[in-house]
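Shown next, in C-alpha cells, is the structure this report addresses.
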Amino acid sequence: MNSSVYFFDNFQHLIKRKDAKNLIEVSQEKEITAEKKELLNDVLYVTTKFDETITSAQFMAVRESESSFSLYRITKISDPNETLEFTGIGFASDELDSYIINQIVANKQSIDSLLNELLAFTNGNWRVGYVEPGLSKITTTFDYVSVREALKQLQTFGMEFLFCCTLDSDGIKDKWIEVYLQIGTISNKRFTYGSKALTVIKEVDQSAIYTSIIGRGKGENVGSGQGKRLDFTNIEWKKSKGDPLDKPKGQPFLENVEATQKYGVPQKNGKMYKREKVVVFDDIDDPQELLQNTYLTLLDSARPLAQFQAEVTEGDVIGNTVTIHRYDKGYHYATRIYKTKINRLTGKATVELGDNLTKDTRKQSAKVATNLSELESTKMTFYQSTEIGKYQDDIMRGAGENGGSVYQVNGIEAGVSNSREVYETVYMDGENIPNSKYFMIENNSGISFKQCKQGQWKTIKDVHNGPSTTAWSLDGQFNANFIRTGILNGVLVEGVMLKSAHRNMTYQAVLDRGSLEFQYYKETPEDLNYTNENWQNAVEGEVVGRIEGTLGAAGKPNGFAVIQYPGQIFSINSAYENGSTGAVFQIPKESSGEKRKYKLLGEGTFSNGKIIFEDDVTFEGKVQVNGRLDAKELYINGVKIDTNGGGSSGGNNGSWNGQYPSEVTSDRDKRYWQIWAMAISAGFTKQAAAALLGNAQGESDANPVADEGNGVPGYGYGVWQWTDNTGVNSGRVYMINLMTQAGVTEDPDTITAQFKLLMWHSLNGQWIATSAYPLTWTQFMNLTDINTAAQAFVTNFERPRDPHPERSVWAQEWYDKFVNLDIPKNEGYTKPIASPITVTSEMGWRISPITGQQEFHNGIDLVNGNPNTPIFAAGDGEVITAGAEYFDWYGNYTVIKHTDGMFTGYAHQSRVDVSKGQTVVAGQQIGLMGTTGPSTGEHLHFQFMDEFYPSSSNHFHNPRNYIDF
C-alpha cells in the first residue's frame with residue numbers, strides 16, 4: 001500500500017509530498033451509509049512532523065491505484081507537540097454540493113446520458129467515467145438542487161458512485177465519477193477469528209422490533225386539512241391461497257405471529273402480545289398497494305439487526321461481500337463490508353459488516369414513506385405480484401401435469417394434506433415425468449431415490465406412489481449402500497486404524513493418532529495362517545515410512561513431516577508412458593538423521609523465490625540459471641565469479657543525447673555511433689565499446705529490427721539477436737519478455753531499449769565467465785585490448801558453436817573510425833556553478849557516505865572552492881518546486897522544467913532565490929550552494945531527469961551528456 005500523502009494549496013496545486021518516515025498517522029475511513037441516505041462517506045486523518053510549508057494546505061490526497069487518487073478537502077488543522085494533525089473529508093460530495101442544477105427532466109433516460117447533463121453544470125471540472133451496463137432507466141425531475149443532492153436521489157434508483165481523480169506535477173489533472181449497481185464484488189476472502197481476523201465482535205440491536213404494523217395511506221381533503229386516512233381493513237389475505245400472511249377481513253393490522261411469539265410483550269396469562277406500530281404512506285391511495293407496502297415494512301421490522309466488527313490483518317475493499325467466522329461462538333456470516341478503517345502506515349484494517357446500525361430506519365417515527373419512489377423503482381408493484389400469484393401453484397409444479405426437471409409438489413398432490421404449501425421436491429433426469437427414468441425425492445422423511453422404465457410414469461402421483469429406497473433419513477441416518485465409487489471428502493472417521501481387507505497384501509497403510517504409517521510384510525497373512533474370523537485383528541508389519549504431525553516448543557503443534565526410515569527410500573516420481581516411473585526428488589536408502597542426503601534428478605526451475613545455501617554446495621553436471629544469482633563466492637569450472645558489478649535494477653545503463661559528430665552521416669554509421677555513445681556513457685572503455693560494435697556487426701549489422709527467422713520461434717531478433725532456445729517464442733517476443741523483467745519501458749525496436757536490455761541481461765544470467773576468459777561483466781567493460789574484449793564478448797555472452805575471429809577485425813575498424821571523435825553536447829544548457837568546477841562524485845552506483853550502504857547516485861556532485869557559491873539555472877524553463885524537504889534527502893531543492901521536456905534538479909542549497917511557477921532563463925541565479933539535508937559538506941547535487949517524479953533510475957540522465965564539465 002502506498003503510504004505517501006500529497007498536500008495541495010487552495011487551487012489544488014501540489015505543495016509537497018510526505019513519505020512514510022515523516023508521517024505519524026495516516027488513517028482512512030470509508031462508509032456506505034444506511035439506506036443510501038448519503039453518498040460514500042470518506043474521511044482521512046493525517047498526523048505528520050511539523051512543517052511550516054504545509055500549514056496553509058487546503059487539500060490532501062493518497063494514491064489508491066496506479067491511475068487514481070483519493071482527494072480530501074482539509075476541514076481541520078491543529079499543531080500539538082511539534083506535529084500537525086489534519087482532518088479531511090472526501091472532496092467529491094463537498095465540491096459537488098456547490099454546483100446548482102437549474103432544471104433537468106428525465107424520462108426513461110439512461111444513467112450515462114443523464115449524468116453527462118448533470119455534470120455539465122460543473123463547468124467542465126467533472127466528467128463521467130465507467131458506467132456499469134444494465135442500470136435502470138431514470139424518470140425523475142431535478143429542479144434547483146445541487147449535483148450532490150441529485151446524485152443522492154439517483155442512488156435510490158439502485159446504484160452507487162465512486163469518485164476518482166489523477167494528479168501530476170501541477171496538481172489535480174482529472175476528476176470523474178464511476179457508476180455501479182453496487183460497489184464491490186463477491187469476494188472469496190474469509191475473515192476467521194484467530195487467523196486473518198484478530199477480533200470478531202457481534203452486536204445485535206433489538207431496540208426497535210415491531211411484530212405488527214397498522215398501515216395508513218393517503219388522507220381525504222377536508223377544508224384546509226385532511227380527513228380519514230386510507231386503510232386495508234376490508235382486504236383478506238390467506239396463506240393457503242398463496243398470500244404471505246393470514247389477515248382476515250375487518251383486521252386493520254398485519255401481524256407476523258411467529259415474530260410475536262419470539263419478540264412480543266409478555267402477558268400475565270403466559271402469552272405474548274404483539275409489538276405494534278403505525279406506519280403512514282402519504283402517497284398511497286390504493287388499499288392493495290398499501291397492504292403490500294405495509295408487509296414489506298413488517299419484513300424488516302420483525303427481526304433484530306446483526307452487525308459484526310472485525311479487526312483484521314488483511315483488509316478488503318469497501319462494498320465487497322465476504323464471509324466472517326468465529327467457530328467458538330458459532331458465527332458464520334456472509335455479508336457486505338459497509339465500513340472500513342485502514343491504517344495506511346501499518347496495513348492493519350478494521351471492517352464493519354452486516355446491518356448498518358448507525359441509521360436504522362426502524363428507529364424513525366411512524367412517517368416512513370417520504371422516499372416511496374425508491375421502493376417503487378426497485379421492487380415490483382403489488383399488481384405485478386398479484387398477477388404472478390395467480391399462477392404460483394402452476395409455477396411450483398412445473399406449469400403442467402408432467403412437471404419439469406424440478407417439480408415442487410404440494411400436500412394436495414402428494415395426498416398427505418389439504419394444503420397448497422410445498423410438501424416435497426422431485427428432481428428428474430428428463431425434461432418432464434414421462435421422459436425421465438431416475439428420480440430423487442426430498443421430503444420430511446429424508447432423501448430417497450426412485451427408478452422406472454422411461455415412459456412408465458405419467459403423472460406426479462405415479463412418482464409419489466412408486467417404490468423407493470431411502471438414502472438419507474431426516475434424523476441423520478445414511479444408507480451406506482449408496483456409496484459405490486468416488487471420493488469421500490471432508491469425512492470425520494472415528495476409529496483407531498485403517499487396515500487393508502485384502503488377504504494377500506504386501507503393503508498396508510495404518511492411520512493412528514495423527515500418523516499415517518506405510519507397513520511392509522515379508523510374509524503374507526495367508527502364510528501366517530490367519531483365518532477369516534480373526535482377520536480383523538491388528539496385524540503389525542515393518543514400517544518403511546511415515547507421515548505424522550509434529551510438535552514444537554512446549555509440545556505445541558507446528559506442522560507435519562514425511563519421515564524416511566534408513567534402508568528405505570522416499571521418492572517423488574514422474575510416470576513413463578509404459579507405466580513405470582522415474583524419480584525427480586529422492587531421499588536415498590543410506591540417508592539418516594545423522595547424515596542427511598537427497599537427490600534432485602532431471603531439469604528444474606526455482607521461480608519467484610530465493611534459495612539460500614548456508615554451507616558449501618557442489619553441483620555436478622549442468623546448472624542453468626535463467627534469473628538472478630547472488631552469491632558471496634561463486635565458482636564455475638574452478639573460476640571465481642563476482643556479482644558482475646550490480647543487480648537487476650538501477651545503475652547507469654548508458655544514455656545518449658541524440659547528437660552526432662559532423663563526420664557521422666550515413667544511417668549505418670549513426671546506428672553504430674549510438675551504441676558507441678551509450679557504451680561510453682555507461683562506463684565502457686573505448687576498446688570495450690568497440691568490441692560491442694564488432695559483435696553487433698556480426699549479429700545484425702546493428703539493426704534493432706533484424707529478424708533472423710521472420711517471426712518464426714527459435715530464431716534471433718534485434719541488435720544482438722536475442723533467441724528463445726526452447727523454440728516456444730519468436731526472438732522479438734522473447735526479447736520483449738526479457739525487457740518486461742528488466743523494467744525497460746522504451747520502444748523495444750530501438751537501440752536505446754536494446755542497449756539497456758544488454759546491460760541488464762549480462763548481469764542476470766547471460767554473461768557466464770569461462771576458463772578461456774575468466775572475466776566478470778565489470779572486468780570486461782574495463783578491458784583495453786580490443787581483440788580480448790571482442791572475443792570475451794563472443795565467448796561469454798554470445799556463446800556460439802563456432803569461433804568468430806573476424807569480429808575482432810571489425811571491432812578494430814570501428815575503434816579507428818570513432819576513437820578521435822568527440823561526443824557532441826546538447827546546446828542550450830550551461831554550467832550551474834562558476835568554474836573552476838570539480839566533480840566530487842560521479843553518477844552511478846557507489847557506497848553512500850551517509851549510510852555506508854550501496855546506493856545509486858542519481859546525479860553528480862559539484863564544488864568550485866566557494867562553499868556559498870551562487871547556483872545558476874542550467875537552461876530556460878519554469879520552476880516546478882522550490883523549498884525545503886521536497887524529499888528529505890535533498891534539503892533545500894529546486895527543480896526546473898525545460899522546453900525540451902527535461903528537468904534539472906539542484907539540491908542541498910543554503911538559500912533558495914526562486915519560487916514555484918516562476919519562469920527563469922539560463923544563467924539566472926536561483927540560490928546558493930549549501931549542505932542542507934543529509935550531506936557531508938557544502939556541494940551542489942545536480943541532476944537531469946525526464947520525469948518530475950522519476951519512477952526508476954532509468955529516468956535519470958548523466959549531466960555530462962548535456963554539459964562539458
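Letters A, B, ... go to the chains of the C-alpha cells in the order shown; residues in each chain start at 1; ligands are counted from 1 in the same order.
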
Discussion item. Residues within 12 Å of Leu230 in chain A, please, as an MDAnalysis selection string. Count only C-alpha atoms; anything in the same chain fewer than 4 positions from it doesn't count.
Written reply: chainID A and resid 214:221 226 234 252 279:291

Selected residues written out, C-alpha atoms, as a JSON list (two decimals), in the first residue's frame:
```
[["chain", "number", "residue", "atom", "x", "y", "z"],
["A", 214, "ILE", "CA", -51.08, -0.72, 11.11],
["A", 215, "GLY", "CA", -50.70, 0.73, 7.62],
["A", 216, "ARG", "CA", -52.29, 4.12, 6.86],
["A", 217, "GLY", "CA", -52.46, 5.68, 3.40],
["A", 218, "LYS", "CA", -53.41, 9.00, 1.84],
["A", 219, "GLY", "CA", -55.95, 11.13, 3.69],
["A", 220, "GLU", "CA", -59.12, 12.79, 2.35],
["A", 221, "ASN", "CA", -59.04, 16.54, 1.76],
["A", 226, "GLN", "CA", -57.10, 16.05, 5.86],
["A", 234, "ASN", "CA", -61.61, -4.88, 4.17],
["A", 252, "PRO", "CA", -56.74, -3.20, 10.43],
["A", 279, "VAL", "CA", -46.81, 3.50, 9.53],
["A", 280, "VAL", "CA", -48.13, 6.29, 7.29],
["A", 281, "PHE", "CA", -47.72, 6.23, 3.48],
["A", 282, "ASP", "CA", -48.91, 9.67, 2.39],
["A", 283, "ASP", "CA", -48.69, 8.97, -1.35],
["A", 284, "ILE", "CA", -50.58, 5.63, -1.49],
["A", 285, "ASP", "CA", -54.27, 5.78, -2.45],
["A", 286, "ASP", "CA", -54.85, 2.07, -3.27],
["A", 287, "PRO", "CA", -55.63, -0.33, -0.37],
["A", 288, "GLN", "CA", -53.96, -3.32, -2.09],
["A", 289, "GLU", "CA", -50.78, -1.33, -2.60],
["A", 290, "LEU", "CA", -50.98, -0.07, 0.98],
["A", 291, "LEU", "CA", -51.20, -3.65, 2.30]]
```

Worksheet entry | All residues 7 Å or closer to Ile963 in chain A, only C-alpha atoms, same chain fewer than 3 positions away omitted, as a ChimeraX atom specification | /A:825,829-831,959-960

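Compared by their closest atoms to Phe780 in chain A, and using only C-alpha atoms, the residues A:Gln687, A:Asn269, A:Gln451, A:Asn864 rank with A:Gln687 nearest.
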
Worksheet entry | Distance criterion (only C-alpha atoms): nearest to Phe69 in chain A out of A:Thr141, A:Thr851, A:Thr166, A:Asn465 | A:Thr166

Practice prompt. For Met739 in chain A, list every protein, DNA or RNA residue within 10 Å, evaluated using only C-alpha atoms, and leave out those in the same chain fewer than 2 positions away; present the list as a ChimeraX atom specification.
Written response: /A:733-737,741-746,748,753-754,756-758,760-761

Those same residues - C-alpha atoms - I'd like them written as a PDB file, in the first residue's frame.
```
ATOM      1  CA  VAL A 733       8.565 -11.873 -28.181  1.00  0.00           C
ATOM      2  CA  TYR A 734      11.405 -13.422 -26.162  1.00  0.00           C
ATOM      3  CA  MET A 735      13.263 -10.083 -26.156  1.00  0.00           C
ATOM      4  CA  ILE A 736      10.153  -8.130 -25.059  1.00  0.00           C
ATOM      5  CA  ASN A 737       9.517 -10.632 -22.246  1.00  0.00           C
ATOM      6  CA  GLN A 741      11.514  -8.409 -16.381  1.00  0.00           C
ATOM      7  CA  ALA A 742      14.238  -5.776 -16.700  1.00  0.00           C
ATOM      8  CA  GLY A 743      11.825  -2.844 -16.385  1.00  0.00           C
ATOM      9  CA  VAL A 744      12.831  -1.412 -19.782  1.00  0.00           C
ATOM     10  CA  THR A 745       9.926   0.788 -20.902  1.00  0.00           C
ATOM     11  CA  GLU A 746      11.246   2.311 -24.137  1.00  0.00           C
ATOM     12  CA  PRO A 748      11.639  -2.376 -27.874  1.00  0.00           C
ATOM     13  CA  ALA A 753      15.891  -0.136 -25.325  1.00  0.00           C
ATOM     14  CA  GLN A 754      18.096  -2.989 -26.559  1.00  0.00           C
ATOM     15  CA  LYS A 756      19.523  -1.205 -21.689  1.00  0.00           C
ATOM     16  CA  LEU A 757      18.439  -4.846 -22.047  1.00  0.00           C
ATOM     17  CA  LEU A 758      22.052  -5.812 -22.889  1.00  0.00           C
ATOM     18  CA  TRP A 760      20.522  -5.963 -17.587  1.00  0.00           C
ATOM     19  CA  HIS A 761      20.740  -9.330 -19.337  1.00  0.00           C
TER      20      HIS A 761
END
```

Discussion item. Neighbouring residues of range 131-135 of chain A were defined as those with any atom within 7 Å, considering only C-alpha atoms; residues of the same chain fewer than 5 positions away were excluded. Please report them as a PyMOL selection string.
Written reply: chain A and resi 112+178-181

Discussion item. Among range 236-298 of chain A, which residues does DSSP mark as helix (DSSP H, G or I) when it is run on the backbone? Keep the chain and numbering as in the structure and answer as a PyMOL selection string.
Written reply: chain A and resi 239-241+257-263+287-298

Selection file, C-alpha atoms, as a PDB file, in the first residue's frame:
```
ATOM      1  CA  LYS A 239     -51.594 -18.196   3.184  1.00  0.00           C
ATOM      2  CA  SER A 240     -53.499 -21.146   1.752  1.00  0.00           C
ATOM      3  CA  LYS A 241     -54.190 -19.006  -1.319  1.00  0.00           C
ATOM      4  CA  VAL A 257     -47.356 -14.272  14.511  1.00  0.00           C
ATOM      5  CA  GLU A 258     -44.081 -16.207  14.756  1.00  0.00           C
ATOM      6  CA  ALA A 259     -42.206 -12.965  15.484  1.00  0.00           C
ATOM      7  CA  THR A 260     -44.788 -12.049  18.177  1.00  0.00           C
ATOM      8  CA  GLN A 261     -44.152 -15.366  19.953  1.00  0.00           C
ATOM      9  CA  LYS A 262     -40.436 -14.615  19.986  1.00  0.00           C
ATOM     10  CA  TYR A 263     -40.247 -10.847  20.465  1.00  0.00           C
ATOM     11  CA  PRO A 287     -55.627  -0.335  -0.366  1.00  0.00           C
ATOM     12  CA  GLN A 288     -53.958  -3.321  -2.088  1.00  0.00           C
ATOM     13  CA  GLU A 289     -50.776  -1.327  -2.602  1.00  0.00           C
ATOM     14  CA  LEU A 290     -50.978  -0.071   0.983  1.00  0.00           C
ATOM     15  CA  LEU A 291     -51.195  -3.645   2.303  1.00  0.00           C
ATOM     16  CA  GLN A 292     -48.245  -4.771   0.187  1.00  0.00           C
ATOM     17  CA  ASN A 293     -46.019  -1.871   1.344  1.00  0.00           C
ATOM     18  CA  THR A 294     -47.044  -2.479   4.948  1.00  0.00           C
ATOM     19  CA  TYR A 295     -45.951  -6.094   4.531  1.00  0.00           C
ATOM     20  CA  LEU A 296     -42.552  -5.024   3.140  1.00  0.00           C
ATOM     21  CA  THR A 297     -42.051  -2.759   6.166  1.00  0.00           C
ATOM     22  CA  LEU A 298     -43.053  -5.596   8.519  1.00  0.00           C
TER      23      LEU A 298
END
```

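In this comparison, which uses only C-alpha atoms, the residue of A:Gln854, A:Asn954, A:Ser848, A:Thr233 approaching Pro934 in chain A most closely is A:Ser848.
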
Worksheet item: Skipping near chain neighbours, those fewer than 3 positions away, what residues fall within 6 Å of Met945 in chain A using only C-alpha atoms, listed as a count of residues only?
Response: 5

Discussion item. Set the distance at 8 Å and use only C-alpha atoms: which residues neighbour range 429-437 of chain A once local chain neighbours fewer than 2 positions away are removed? I'd like the list as a list in words.
Written reply: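 My list of contacting residues is Asn402, Gly403, Gly404, Ser405, Tyr427, Phe439, Gln451, Cys452, Lys453, Gln454, Gly455, Gln456, Trp457, Lys458, Thr459 and Ile460 of chain A.
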
Could you dump the residues just selected with N, CA and C atoms as a CSV table (one decimal), in the first residue's frame?
```csv
chain,number,residue,atom,x,y,z
A,402,ASN,N,-47.2,-32.8,-16.2
A,402,ASN,CA,-46.0,-33.6,-16.3
A,402,ASN,C,-44.8,-33.1,-15.6
A,403,GLY,N,-44.9,-31.9,-15.0
A,403,GLY,CA,-43.8,-31.3,-14.3
A,403,GLY,C,-42.7,-30.8,-15.2
A,404,GLY,N,-41.5,-30.5,-14.5
A,404,GLY,CA,-40.3,-30.1,-15.2
A,404,GLY,C,-39.2,-30.9,-14.7
A,405,SER,N,-38.0,-30.6,-15.0
A,405,SER,CA,-36.8,-31.4,-14.4
A,405,SER,C,-36.8,-31.2,-12.9
A,427,TYR,N,-36.7,-34.2,-8.2
A,427,TYR,CA,-35.8,-34.0,-9.3
A,427,TYR,C,-35.7,-35.2,-10.3
A,439,PHE,N,-35.3,-40.6,-10.5
A,439,PHE,CA,-36.0,-39.5,-9.7
A,439,PHE,C,-35.3,-39.5,-8.3
A,451,GLN,N,-36.7,-45.3,-9.4
A,451,GLN,CA,-36.3,-45.7,-10.8
A,451,GLN,C,-37.5,-46.4,-11.5
A,452,CYS,N,-37.7,-46.1,-12.8
A,452,CYS,CA,-38.8,-46.8,-13.5
A,452,CYS,C,-38.3,-46.9,-15.0
A,453,LYS,N,-39.0,-47.7,-15.8
A,453,LYS,CA,-38.7,-47.7,-17.2
A,453,LYS,C,-39.2,-46.3,-17.8
A,454,GLN,N,-38.4,-45.8,-18.7
A,454,GLN,CA,-38.8,-44.5,-19.2
A,454,GLN,C,-40.1,-44.5,-19.9
A,455,GLY,N,-41.0,-43.6,-19.5
A,455,GLY,CA,-42.4,-43.5,-20.1
A,455,GLY,C,-43.4,-44.3,-19.2
A,456,GLN,N,-42.9,-45.1,-18.2
A,456,GLN,CA,-43.8,-45.9,-17.4
A,456,GLN,C,-44.7,-45.0,-16.5
A,457,TRP,N,-44.1,-43.9,-15.9
A,457,TRP,CA,-44.8,-43.0,-15.1
A,457,TRP,C,-45.3,-41.8,-15.8
A,458,LYS,N,-46.5,-41.4,-15.7
A,458,LYS,CA,-47.1,-40.2,-16.5
A,458,LYS,C,-47.3,-39.0,-15.6
A,459,THR,N,-47.7,-39.2,-14.4
A,459,THR,CA,-48.0,-38.0,-13.5
A,459,THR,C,-47.2,-38.0,-12.2
A,460,ILE,N,-47.4,-37.0,-11.5
A,460,ILE,CA,-46.7,-36.9,-10.2
A,460,ILE,C,-47.2,-37.9,-9.2
```

Practice prompt. Pick out the closest residue to Ala811 in chain A from this set: A:Gln766, A:Gln697, A:Thr139, A:Ser4. Count only C-alpha atoms.
Written response: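 Going through A:Gln766, A:Gln697, A:Thr139, A:Ser4 one by one, the smallest distance to Ala811 in chain A is for A:Gln697.
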
Fill in: Given only C-alpha atoms as the counted atoms, nearest of A:Thr795, A:Gln182, A:Gln659, A:Ser417 to Phe161 in chain A
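Closest to Phe161 in chain A, using only C-alpha atoms: A:Gln182.
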